[in-house]
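J.: Handing over input-v9.cif, mmCIF, C-alpha atoms.
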data_target
loop_
_atom_site.group_PDB
_atom_site.id
_atom_site.type_symbol
_atom_site.label_atom_id
_atom_site.label_comp_id
_atom_site.auth_asym_id
_atom_site.auth_seq_id
_atom_site.Cartn_x
_atom_site.Cartn_y
_atom_site.Cartn_z
ATOM 1 C CA MET J 325 0.000 0.000 0.000
ATOM 2 C CA ARG J 326 1.394 3.420 -0.962
ATOM 3 C CA PHE J 327 -0.017 6.590 0.491
ATOM 4 C CA THR J 328 -0.044 9.901 -1.305
ATOM 5 C CA LEU J 329 -1.771 12.137 1.163
ATOM 6 C CA LEU J 330 -1.603 15.632 -0.279
ATOM 7 C CA ASP J 331 -4.193 16.186 -2.961
ATOM 8 C CA ARG J 332 -3.330 19.774 -3.785
ATOM 9 C CA ILE J 333 -0.748 22.462 -3.032
ATOM 10 C CA ASP J 334 -2.589 25.753 -2.665
ATOM 11 C CA ALA J 335 0.288 28.164 -1.971
ATOM 12 C CA HIS J 336 4.014 28.058 -1.397
ATOM 13 C CA GLN J 337 7.050 30.282 -1.075
ATOM 14 C CA PRO J 338 10.373 28.421 -1.331
ATOM 15 C CA GLY J 339 12.400 28.716 1.848
ATOM 16 C CA LYS J 340 9.358 29.906 3.796
ATOM 17 C CA PHE J 341 6.030 28.024 3.729
ATOM 18 C CA LEU J 342 3.697 25.658 1.911
ATOM 19 C CA ARG J 343 -0.079 25.205 2.257
ATOM 20 C CA GLY J 344 -1.991 22.269 0.842
ATOM 21 C CA CYS J 345 -4.932 20.004 1.551
ATOM 22 C CA LYS J 346 -6.099 16.427 1.811
ATOM 23 C CA PHE J 347 -9.682 15.455 0.950
ATOM 24 C CA LEU J 348 -10.659 12.408 2.978
ATOM 25 C CA ALA J 349 -12.954 10.082 0.995
ATOM 26 C CA LEU J 350 -14.798 7.102 2.466
ATOM 27 C CA GLY J 351 -13.210 4.924 -0.243
ATOM 28 C CA GLU J 352 -9.693 5.248 1.239
ATOM 29 C CA GLU J 353 -8.708 1.645 1.921
ATOM 30 C CA TYR J 354 -7.288 2.187 5.413
ATOM 31 C CA LEU J 355 -10.679 3.449 6.659
ATOM 32 C CA ALA J 356 -12.114 -0.082 6.420
ATOM 33 C CA ASP J 357 -9.858 -1.062 9.341
ATOM 34 C CA HIS J 358 -9.680 2.253 11.197
ATOM 35 C CA PHE J 359 -12.459 1.924 12.472
ATOM 36 C CA PRO J 360 -15.263 0.151 10.552
ATOM 37 C CA ARG J 361 -18.119 1.734 12.556
ATOM 38 C CA PHE J 362 -16.409 5.092 13.144
ATOM 39 C CA PRO J 363 -13.995 5.623 10.233
ATOM 40 C CA VAL J 364 -11.345 8.254 10.933
ATOM 41 C CA MET J 365 -7.966 9.084 9.425
ATOM 42 C CA PRO J 366 -5.237 7.445 11.547
ATOM 43 C CA GLY J 367 -3.046 9.890 13.433
ATOM 44 C CA VAL J 368 0.097 8.487 11.845
ATOM 45 C CA LEU J 369 -1.318 9.352 8.398
ATOM 46 C CA MET J 370 -2.106 12.900 9.524
ATOM 47 C CA LEU J 371 1.555 13.113 10.557
ATOM 48 C CA GLN J 372 2.543 11.669 7.165
ATOM 49 C CA ALA J 373 0.567 14.446 5.436
ATOM 50 C CA LEU J 374 2.679 17.013 7.341
ATOM 51 C CA THR J 375 5.826 15.098 6.350
ATOM 52 C CA GLU J 376 4.822 15.089 2.667
ATOM 53 C CA ALA J 377 4.073 18.813 2.741
ATOM 54 C CA SER J 378 7.460 19.472 4.368
ATOM 55 C CA ALA J 379 9.236 17.355 1.739
ATOM 56 C CA TRP J 380 7.482 19.298 -1.053
ATOM 57 C CA LEU J 381 8.526 22.602 0.499
ATOM 58 C CA TRP J 382 12.109 21.384 0.746
ATOM 59 C CA ARG J 383 12.106 20.218 -2.858
ATOM 60 C CA ALA J 384 10.816 23.625 -3.983
ATOM 61 C CA THR J 385 13.406 25.364 -1.786
ATOM 62 C CA THR J 386 16.399 23.363 -3.057
ATOM 63 C CA GLY J 387 15.367 23.068 -6.697
ATOM 64 C CA PHE J 388 14.730 19.327 -6.292
ATOM 65 C CA GLN J 389 18.281 18.707 -5.056
ATOM 66 C CA HIS J 390 17.430 15.566 -3.031
ATOM 67 C CA PRO J 391 15.874 12.615 -4.894
ATOM 68 C CA ILE J 392 15.135 10.867 -1.587
ATOM 69 C CA ILE J 393 13.747 12.636 1.476
ATOM 70 C CA VAL J 394 12.991 10.727 4.678
ATOM 71 C CA LEU J 395 11.573 11.599 8.071
ATOM 72 C CA ARG J 396 14.292 11.366 10.715
ATOM 73 C CA GLU J 397 12.514 12.818 13.724
ATOM 74 C CA ALA J 398 9.062 13.969 14.810
ATOM 75 C CA LYS J 399 8.904 16.147 17.941
ATOM 76 C CA ASN J 400 6.084 17.699 19.945
ATOM 77 C CA VAL J 401 3.410 15.766 18.054
ATOM 78 C CA LYS J 402 -0.062 16.780 19.183
ATOM 79 C CA TYR J 403 -3.402 15.524 17.909
ATOM 80 C CA GLY J 404 -6.696 17.368 17.963
ATOM 81 C CA THR J 405 -10.051 16.495 16.447
ATOM 82 C CA PHE J 406 -10.839 13.396 14.382
ATOM 83 C CA MET J 407 -10.684 13.571 10.573
ATOM 84 C CA GLN J 408 -13.780 11.866 9.213
ATOM 85 C CA PRO J 409 -14.630 10.987 5.600
ATOM 86 C CA GLY J 410 -16.122 13.829 3.600
ATOM 87 C CA ARG J 411 -13.901 16.391 5.322
ATOM 88 C CA ARG J 412 -10.864 18.311 4.132
ATOM 89 C CA MET J 413 -7.649 18.635 6.138
ATOM 90 C CA ASP J 414 -5.745 21.843 5.486
ATOM 91 C CA VAL J 415 -2.011 21.408 6.002
ATOM 92 C CA SER J 416 0.554 24.157 6.470
ATOM 93 C CA VAL J 417 4.286 23.848 7.038
ATOM 94 C CA GLU J 418 7.123 26.306 7.408
ATOM 95 C CA LEU J 419 10.855 25.817 7.048
ATOM 96 C CA VAL J 420 12.604 26.552 10.348
ATOM 97 C CA LYS J 421 16.202 25.580 9.579
ATOM 98 C CA GLN J 422 18.184 23.993 6.771
ATOM 99 C CA GLU J 423 21.730 22.713 7.040
ATOM 100 C CA GLY J 424 23.331 20.441 4.441
ATOM 101 C CA GLY J 425 21.152 17.399 3.946
ATOM 102 C CA TRP J 426 18.995 18.195 6.994
ATOM 103 C CA ALA J 427 15.987 20.467 7.397
ATOM 104 C CA THR J 428 13.602 21.245 10.253
ATOM 105 C CA PHE J 429 9.938 22.183 9.748
ATOM 106 C CA LYS J 430 6.965 23.204 11.860
ATOM 107 C CA GLY J 431 3.645 21.921 10.610
ATOM 108 C CA LYS J 432 -0.004 21.863 11.493
ATOM 109 C CA GLY J 433 -3.235 20.458 10.156
ATOM 110 C CA ALA J 434 -6.819 21.578 10.663
ATOM 111 C CA ASP J 435 -10.173 20.338 9.422
ATOM 112 C CA ASP J 436 -12.317 22.400 7.076
ATOM 113 C CA GLU J 437 -13.955 24.082 10.075
ATOM 114 C CA GLY J 438 -10.572 25.224 11.396
ATOM 115 C CA GLN J 439 -10.372 22.693 14.244
ATOM 116 C CA PRO J 440 -6.772 21.511 14.831
ATOM 117 C CA THR J 441 -6.097 17.903 13.818
ATOM 118 C CA VAL J 442 -2.313 17.559 14.182
ATOM 119 C CA SER J 443 0.811 19.618 14.823
ATOM 120 C CA ALA J 444 4.483 18.669 14.986
ATOM 121 C CA GLN J 445 8.074 19.696 14.436
ATOM 122 C CA LEU J 446 9.719 17.480 11.805
ATOM 123 C CA VAL J 447 13.336 16.829 10.902
ATOM 124 C CA LEU J 448 13.877 15.514 7.366
ATOM 125 C CA TYR J 449 17.011 14.157 5.737
ATOM 126 C CA GLY J 450 17.621 14.321 1.978
ATOM 127 C CA TYR J 451 20.083 12.344 -0.101
ATOM 128 C CA GLY J 452 20.723 10.747 -3.468
ATOM 129 C CA LEU J 453 22.020 7.446 -4.784
ATOM 130 C CA ALA J 454 24.455 8.791 -7.400
ATOM 131 C CA ASP J 455 27.507 8.015 -5.244
ATOM 132 C CA LYS J 456 26.517 4.320 -5.331
ATOM 133 C CA GLY J 457 27.395 4.054 -9.016
ATOM 134 C CA PRO J 458 25.716 4.374 -12.432
ATOM 135 C CA ALA J 459 22.583 2.513 -11.352
ATOM 136 C CA GLY J 460 22.193 4.935 -8.432
ATOM 137 C CA ALA J 461 22.583 7.938 -10.712
ATOM 138 C CA ALA J 462 19.947 6.533 -13.079
ATOM 139 C CA ALA J 463 17.589 5.941 -10.148
ATOM 140 C CA ASP J 464 18.125 9.538 -8.995
ATOM 141 C CA GLU J 465 17.195 10.840 -12.451
ATOM 142 C CA LYS J 466 13.994 8.772 -12.550
ATOM 143 C CA LEU J 467 13.019 9.854 -9.047
ATOM 144 C CA LEU J 468 13.613 13.526 -9.784
ATOM 145 C CA GLU J 469 11.548 13.341 -12.959
ATOM 146 C CA HIS J 470 8.749 11.656 -10.997
ATOM 147 C CA TRP J 471 8.825 14.341 -8.268
ATOM 148 C CA LYS J 472 8.809 17.170 -10.805
ATOM 149 C CA SER J 473 5.828 15.648 -12.625
ATOM 150 C CA ARG J 474 3.937 15.134 -9.378
ATOM 151 C CA TRP J 475 4.736 18.722 -8.315
ATOM 152 C CA ALA J 476 3.219 19.992 -11.578
ATOM 153 C CA VAL J 477 0.011 18.077 -10.853
ATOM 154 C CA LEU J 478 -0.254 19.150 -7.197
ATOM 155 C CA THR J 479 0.385 22.833 -7.910
ATOM 156 C CA GLY J 480 -1.582 22.986 -11.152
ATOM 157 C CA GLU J 481 1.574 24.093 -12.990
ATOM 158 C CA LEU J 482 1.331 21.383 -15.624
ATOM 159 C CA ARG J 483 4.225 21.352 -18.022
#
So, in terms of structure tokens, how does the structure I just supplied come out?
T.:
Amino acid sequence: MRFTLLDRIDAHQPGKFLRGCKFLALGEEYLADHFPRFPVMPGVLMLQALTEASAWLWRATTGFQHPIIVLREAKNVKYGTFMQPGRRMDVSVELVKQEGGWATFKGKGADDEGQPTVSAQLVLYGYGLADKGPAGAAADEKLLEHWKSRWAVLTGELR
């Protein structure tokens, strides 16, 4: 199962902030298990939405320098109201600090009525595979092309 949790990027300023949203549909496969009689978006997936938004902001900030971006640390994670199907979660993140392959972000989510759903400070690490040889360099190129195409869809800046 692969999650892509941001449906749209509404606004961004490289090096500063990114705002996007996630529309939660009843057809999302994880809702069948979480929980069948009271389906809600799992907290870990709300946190993943913040992580994805932070990674997109970092890609925009660095000109897609890092083909691979991973979550290294989540601090001060707080959860608020439940996210139920048929609702929209608005996500906003801001870049706090960037140093080499590391970056720190503050993020928060809220439902479409403005009720907080999640907040956290995230530390991401970015890297590439080019130093592993020709196959790694080829993988980096494919990944970067994928991320650029996905960015065009999310922002509406189709190429």
J.: With 4 Å added on each side, what axis-aligned box encloses every listed atom of segment 475-482 of chain J? Give the centre and edge lengths in Å to one decimal, as AutoDock Vina command-line options.
T.:
--center_x 1.6 --center_y 21.1 --center_z -11.4 --size_x 14.3 --size_y 14.0 --size_z 16.4
J.: Using the chain letters and numbers from this file, what does the PyMOL selection byres ((chain J and resi 444-457) around 8) select? Give the answer as a PyMOL selection string.
T.: chain J and resi 371+375+379+390-402+425-432+442-443+458-464
J.: Those same residues, written as a CSV table (one decimal), in the coordinates of the input with C-alpha atoms?
T.:
chain,number,residue,atom,x,y,z
J,371,LEU,CA,1.6,13.1,10.6
J,375,THR,CA,5.8,15.1,6.4
J,379,ALA,CA,9.2,17.4,1.7
J,390,HIS,CA,17.4,15.6,-3.0
J,391,PRO,CA,15.9,12.6,-4.9
J,392,ILE,CA,15.1,10.9,-1.6
J,393,ILE,CA,13.7,12.6,1.5
J,394,VAL,CA,13.0,10.7,4.7
J,395,LEU,CA,11.6,11.6,8.1
J,396,ARG,CA,14.3,11.4,10.7
J,397,GLU,CA,12.5,12.8,13.7
J,398,ALA,CA,9.1,14.0,14.8
J,399,LYS,CA,8.9,16.1,17.9
J,400,ASN,CA,6.1,17.7,19.9
J,401,VAL,CA,3.4,15.8,18.1
J,402,LYS,CA,-0.1,16.8,19.2
J,425,GLY,CA,21.2,17.4,3.9
J,426,TRP,CA,19.0,18.2,7.0
J,427,ALA,CA,16.0,20.5,7.4
J,428,THR,CA,13.6,21.2,10.3
J,429,PHE,CA,9.9,22.2,9.7
J,430,LYS,CA,7.0,23.2,11.9
J,431,GLY,CA,3.6,21.9,10.6
J,432,LYS,CA,0.0,21.9,11.5
J,442,VAL,CA,-2.3,17.6,14.2
J,443,SER,CA,0.8,19.6,14.8
J,458,PRO,CA,25.7,4.4,-12.4
J,459,ALA,CA,22.6,2.5,-11.4
J,460,GLY,CA,22.2,4.9,-8.4
J,461,ALA,CA,22.6,7.9,-10.7
J,462,ALA,CA,19.9,6.5,-13.1
J,463,ALA,CA,17.6,5.9,-10.1
J,464,ASP,CA,18.1,9.5,-9.0
J.: Of the candidates J:Thr328, J:Thr479, J:Gln439, J:Gln408, which one gets nearest to Leu381 of chain J if we count all atoms listed in the file?
T.: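 Result for the nearest residue to Leu381 of chain J: J:Thr479.
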J.: Of the candidates J:Phe362, J:Glu353, J:Cys345, J:Ala377, which shows the shortest atom-to-atom distance to Leu419 of chain J, using only C-alpha atoms?
T.: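 Checking each of J:Phe362, J:Glu353, J:Cys345, J:Ala377 against Leu419 of chain J, counting only C-alpha atoms, the winner is J:Ala377.
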J.: Can you tell me, as a ChimeraX atom specification, what residues are no more than 10 Å from Pro338 of chain J when counting all atoms listed in the file, ignoring any on the same chain fewer than 3 positions away?
T.: /J:341-342,380-387,418-419
J.: In terms of the shortest atom-to-atom distance over all atoms listed in the file, which of J:Gly438, J:Gly404, J:Pro366, J:Gly424 is closest to Tyr354 of chain J?
T.: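 That would be J:Pro366, the residue with the smallest distance to Tyr354 of chain J.
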J.: I need the residue nearest Met413 of chain J from this list: J:Arg361, J:Arg474, J:Lys466, J:Arg332. Use all atoms listed in the file for the distance.
T.: J:Arg332
J.: To one decimal place in Å, what is the distance between atom CA of Asp435 of chain J and atom CA of Ala356 of chain J?
T.: 20.7 Å
J.: Here is a test: counting all atoms listed in the file, which residue of J:Asp357, J:Asp436, J:Asp334, J:Glu469 is nearest to Thr405 of chain J?
T.: J:Asp436
J.: Residue by residue, what does the PyMOL selection byres ((chain J and resi 476-478) around 9) grab here? Present the result as a PyMOL selection string.
T.: chain J and resi 330-334+344+471-475+479-483
J.: As an exercise, work out the distance from atom CA of Glu423 of chain J to atom CA of Ala335 of chain J in Å and give it to one decimal place.
T.: 23.9 Å
J.: So what do you get for atom CA of Val420 of chain J versus atom CA of Phe406 of chain J, distance-wise?
T.: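 Atom CA of Val420 of chain J sits 27.2 Å away from atom CA of Phe406 of chain J.
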J.: Evaluated on this file, the PyMOL selection byres ((chain J and resi 410) around 6) picks out some residues - which ones are they, written as a PyMOL selection string?
T.: chain J and resi 348-349+409+411
J.: Go through J:Ser378, J:Gln372, J:Gln389, J:Thr441 one by one, measure the shortest atom-to-atom distance of each to Arg412 of chain J using all atoms listed in the file, and give the residue with the smallest value.
T.: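 Of J:Ser378, J:Gln372, J:Gln389, J:Thr441, the one nearest Arg412 of chain J, counting all atoms listed in the file, is J:Thr441.
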J.: Write a file for segment 336-456 of chain J, containing C-alpha atoms (output as a PDB file, in the first residue's frame).
T.:
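As a result, result.pdb now contains:
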ATOM      1  CA  HIS J 336       4.014  28.058  -1.397  1.00  0.00           C
ATOM      2  CA  GLN J 337       7.050  30.282  -1.075  1.00  0.00           C
ATOM      3  CA  PRO J 338      10.373  28.421  -1.331  1.00  0.00           C
ATOM      4  CA  GLY J 339      12.400  28.716   1.848  1.00  0.00           C
ATOM      5  CA  LYS J 340       9.358  29.906   3.796  1.00  0.00           C
ATOM      6  CA  PHE J 341       6.030  28.024   3.729  1.00  0.00           C
ATOM      7  CA  LEU J 342       3.697  25.658   1.911  1.00  0.00           C
ATOM      8  CA  ARG J 343      -0.079  25.205   2.257  1.00  0.00           C
ATOM      9  CA  GLY J 344      -1.991  22.269   0.842  1.00  0.00           C
ATOM     10  CA  CYS J 345      -4.932  20.004   1.551  1.00  0.00           C
ATOM     11  CA  LYS J 346      -6.099  16.427   1.811  1.00  0.00           C
ATOM     12  CA  PHE J 347      -9.682  15.455   0.950  1.00  0.00           C
ATOM     13  CA  LEU J 348     -10.659  12.408   2.978  1.00  0.00           C
ATOM     14  CA  ALA J 349     -12.954  10.082   0.995  1.00  0.00           C
ATOM     15  CA  LEU J 350     -14.798   7.102   2.466  1.00  0.00           C
ATOM     16  CA  GLY J 351     -13.210   4.924  -0.243  1.00  0.00           C
ATOM     17  CA  GLU J 352      -9.693   5.248   1.239  1.00  0.00           C
ATOM     18  CA  GLU J 353      -8.708   1.645   1.921  1.00  0.00           C
ATOM     19  CA  TYR J 354      -7.288   2.187   5.413  1.00  0.00           C
ATOM     20  CA  LEU J 355     -10.679   3.449   6.659  1.00  0.00           C
ATOM     21  CA  ALA J 356     -12.114  -0.082   6.420  1.00  0.00           C
ATOM     22  CA  ASP J 357      -9.858  -1.062   9.341  1.00  0.00           C
ATOM     23  CA  HIS J 358      -9.680   2.253  11.197  1.00  0.00           C
ATOM     24  CA  PHE J 359     -12.459   1.924  12.472  1.00  0.00           C
ATOM     25  CA  PRO J 360     -15.263   0.151  10.552  1.00  0.00           C
ATOM     26  CA  ARG J 361     -18.119   1.734  12.556  1.00  0.00           C
ATOM     27  CA  PHE J 362     -16.409   5.092  13.144  1.00  0.00           C
ATOM     28  CA  PRO J 363     -13.995   5.623  10.233  1.00  0.00           C
ATOM     29  CA  VAL J 364     -11.345   8.254  10.933  1.00  0.00           C
ATOM     30  CA  MET J 365      -7.966   9.084   9.425  1.00  0.00           C
ATOM     31  CA  PRO J 366      -5.237   7.445  11.547  1.00  0.00           C
ATOM     32  CA  GLY J 367      -3.046   9.890  13.433  1.00  0.00           C
ATOM     33  CA  VAL J 368       0.097   8.487  11.845  1.00  0.00           C
ATOM     34  CA  LEU J 369      -1.318   9.352   8.398  1.00  0.00           C
ATOM     35  CA  MET J 370      -2.106  12.900   9.524  1.00  0.00           C
ATOM     36  CA  LEU J 371       1.555  13.113  10.557  1.00  0.00           C
ATOM     37  CA  GLN J 372       2.543  11.669   7.165  1.00  0.00           C
ATOM     38  CA  ALA J 373       0.567  14.446   5.436  1.00  0.00           C
ATOM     39  CA  LEU J 374       2.679  17.013   7.341  1.00  0.00           C
ATOM     40  CA  THR J 375       5.826  15.098   6.350  1.00  0.00           C
ATOM     41  CA  GLU J 376       4.822  15.089   2.667  1.00  0.00           C
ATOM     42  CA  ALA J 377       4.073  18.813   2.741  1.00  0.00           C
ATOM     43  CA  SER J 378       7.460  19.472   4.368  1.00  0.00           C
ATOM     44  CA  ALA J 379       9.236  17.355   1.739  1.00  0.00           C
ATOM     45  CA  TRP J 380       7.482  19.298  -1.053  1.00  0.00           C
ATOM     46  CA  LEU J 381       8.526  22.602   0.499  1.00  0.00           C
ATOM     47  CA  TRP J 382      12.109  21.384   0.746  1.00  0.00           C
ATOM     48  CA  ARG J 383      12.106  20.218  -2.858  1.00  0.00           C
ATOM     49  CA  ALA J 384      10.816  23.625  -3.983  1.00  0.00           C
ATOM     50  CA  THR J 385      13.406  25.364  -1.786  1.00  0.00           C
ATOM     51  CA  THR J 386      16.399  23.363  -3.057  1.00  0.00           C
ATOM     52  CA  GLY J 387      15.367  23.068  -6.697  1.00  0.00           C
ATOM     53  CA  PHE J 388      14.730  19.327  -6.292  1.00  0.00           C
ATOM     54  CA  GLN J 389      18.281  18.707  -5.056  1.00  0.00           C
ATOM     55  CA  HIS J 390      17.430  15.566  -3.031  1.00  0.00           C
ATOM     56  CA  PRO J 391      15.874  12.615  -4.894  1.00  0.00           C
ATOM     57  CA  ILE J 392      15.135  10.867  -1.587  1.00  0.00           C
ATOM     58  CA  ILE J 393      13.747  12.636   1.476  1.00  0.00           C
ATOM     59  CA  VAL J 394      12.991  10.727   4.678  1.00  0.00           C
ATOM     60  CA  LEU J 395      11.573  11.599   8.071  1.00  0.00           C
ATOM     61  CA  ARG J 396      14.292  11.366  10.715  1.00  0.00           C
ATOM     62  CA  GLU J 397      12.514  12.818  13.724  1.00  0.00           C
ATOM     63  CA  ALA J 398       9.062  13.969  14.810  1.00  0.00           C
ATOM     64  CA  LYS J 399       8.904  16.147  17.941  1.00  0.00           C
ATOM     65  CA  ASN J 400       6.084  17.699  19.945  1.00  0.00           C
ATOM     66  CA  VAL J 401       3.410  15.766  18.054  1.00  0.00           C
ATOM     67  CA  LYS J 402      -0.062  16.780  19.183  1.00  0.00           C
ATOM     68  CA  TYR J 403      -3.402  15.524  17.909  1.00  0.00           C
ATOM     69  CA  GLY J 404      -6.696  17.368  17.963  1.00  0.00           C
ATOM     70  CA  THR J 405     -10.051  16.495  16.447  1.00  0.00           C
ATOM     71  CA  PHE J 406     -10.839  13.396  14.382  1.00  0.00           C
ATOM     72  CA  MET J 407     -10.684  13.571  10.573  1.00  0.00           C
ATOM     73  CA  GLN J 408     -13.780  11.866   9.213  1.00  0.00           C
ATOM     74  CA  PRO J 409     -14.630  10.987   5.600  1.00  0.00           C
ATOM     75  CA  GLY J 410     -16.122  13.829   3.600  1.00  0.00           C
ATOM     76  CA  ARG J 411     -13.901  16.391   5.322  1.00  0.00           C
ATOM     77  CA  ARG J 412     -10.864  18.311   4.132  1.00  0.00           C
ATOM     78  CA  MET J 413      -7.649  18.635   6.138  1.00  0.00           C
ATOM     79  CA  ASP J 414      -5.745  21.843   5.486  1.00  0.00           C
ATOM     80  CA  VAL J 415      -2.011  21.408   6.002  1.00  0.00           C
ATOM     81  CA  SER J 416       0.554  24.157   6.470  1.00  0.00           C
ATOM     82  CA  VAL J 417       4.286  23.848   7.038  1.00  0.00           C
ATOM     83  CA  GLU J 418       7.123  26.306   7.408  1.00  0.00           C
ATOM     84  CA  LEU J 419      10.855  25.817   7.048  1.00  0.00           C
ATOM     85  CA  VAL J 420      12.604  26.552  10.348  1.00  0.00           C
ATOM     86  CA  LYS J 421      16.202  25.580   9.579  1.00  0.00           C
ATOM     87  CA  GLN J 422      18.184  23.993   6.771  1.00  0.00           C
ATOM     88  CA  GLU J 423      21.730  22.713   7.040  1.00  0.00           C
ATOM     89  CA  GLY J 424      23.331  20.441   4.441  1.00  0.00           C
ATOM     90  CA  GLY J 425      21.152  17.399   3.946  1.00  0.00           C
ATOM     91  CA  TRP J 426      18.995  18.195   6.994  1.00  0.00           C
ATOM     92  CA  ALA J 427      15.987  20.467   7.397  1.00  0.00           C
ATOM     93  CA  THR J 428      13.602  21.245  10.253  1.00  0.00           C
ATOM     94  CA  PHE J 429       9.938  22.183   9.748  1.00  0.00           C
ATOM     95  CA  LYS J 430       6.965  23.204  11.860  1.00  0.00           C
ATOM     96  CA  GLY J 431       3.645  21.921  10.610  1.00  0.00           C
ATOM     97  CA  LYS J 432      -0.004  21.863  11.493  1.00  0.00           C
ATOM     98  CA  GLY J 433      -3.235  20.458  10.156  1.00  0.00           C
ATOM     99  CA  ALA J 434      -6.819  21.578  10.663  1.00  0.00           C
ATOM    100  CA  ASP J 435     -10.173  20.338   9.422  1.00  0.00           C
ATOM    101  CA  ASP J 436     -12.317  22.400   7.076  1.00  0.00           C
ATOM    102  CA  GLU J 437     -13.955  24.082  10.075  1.00  0.00           C
ATOM    103  CA  GLY J 438     -10.572  25.224  11.396  1.00  0.00           C
ATOM    104  CA  GLN J 439     -10.372  22.693  14.244  1.00  0.00           C
ATOM    105  CA  PRO J 440      -6.772  21.511  14.831  1.00  0.00           C
ATOM    106  CA  THR J 441      -6.097  17.903  13.818  1.00  0.00           C
ATOM    107  CA  VAL J 442      -2.313  17.559  14.182  1.00  0.00           C
ATOM    108  CA  SER J 443       0.811  19.618  14.823  1.00  0.00           C
ATOM    109  CA  ALA J 444       4.483  18.669  14.986  1.00  0.00           C
ATOM    110  CA  GLN J 445       8.074  19.696  14.436  1.00  0.00           C
ATOM    111  CA  LEU J 446       9.719  17.480  11.805  1.00  0.00           C
ATOM    112  CA  VAL J 447      13.336  16.829  10.902  1.00  0.00           C
ATOM    113  CA  LEU J 448      13.877  15.514   7.366  1.00  0.00           C
ATOM    114  CA  TYR J 449      17.011  14.157   5.737  1.00  0.00           C
ATOM    115  CA  GLY J 450      17.621  14.321   1.978  1.00  0.00           C
ATOM    116  CA  TYR J 451      20.083  12.344  -0.101  1.00  0.00           C
ATOM    117  CA  GLY J 452      20.723  10.747  -3.468  1.00  0.00           C
ATOM    118  CA  LEU J 453      22.020   7.446  -4.784  1.00  0.00           C
ATOM    119  CA  ALA J 454      24.455   8.791  -7.400  1.00  0.00           C
ATOM    120  CA  ASP J 455      27.507   8.015  -5.244  1.00  0.00           C
ATOM    121  CA  LYS J 456      26.517   4.320  -5.331  1.00  0.00           C
TER     122      LYS J 456
END
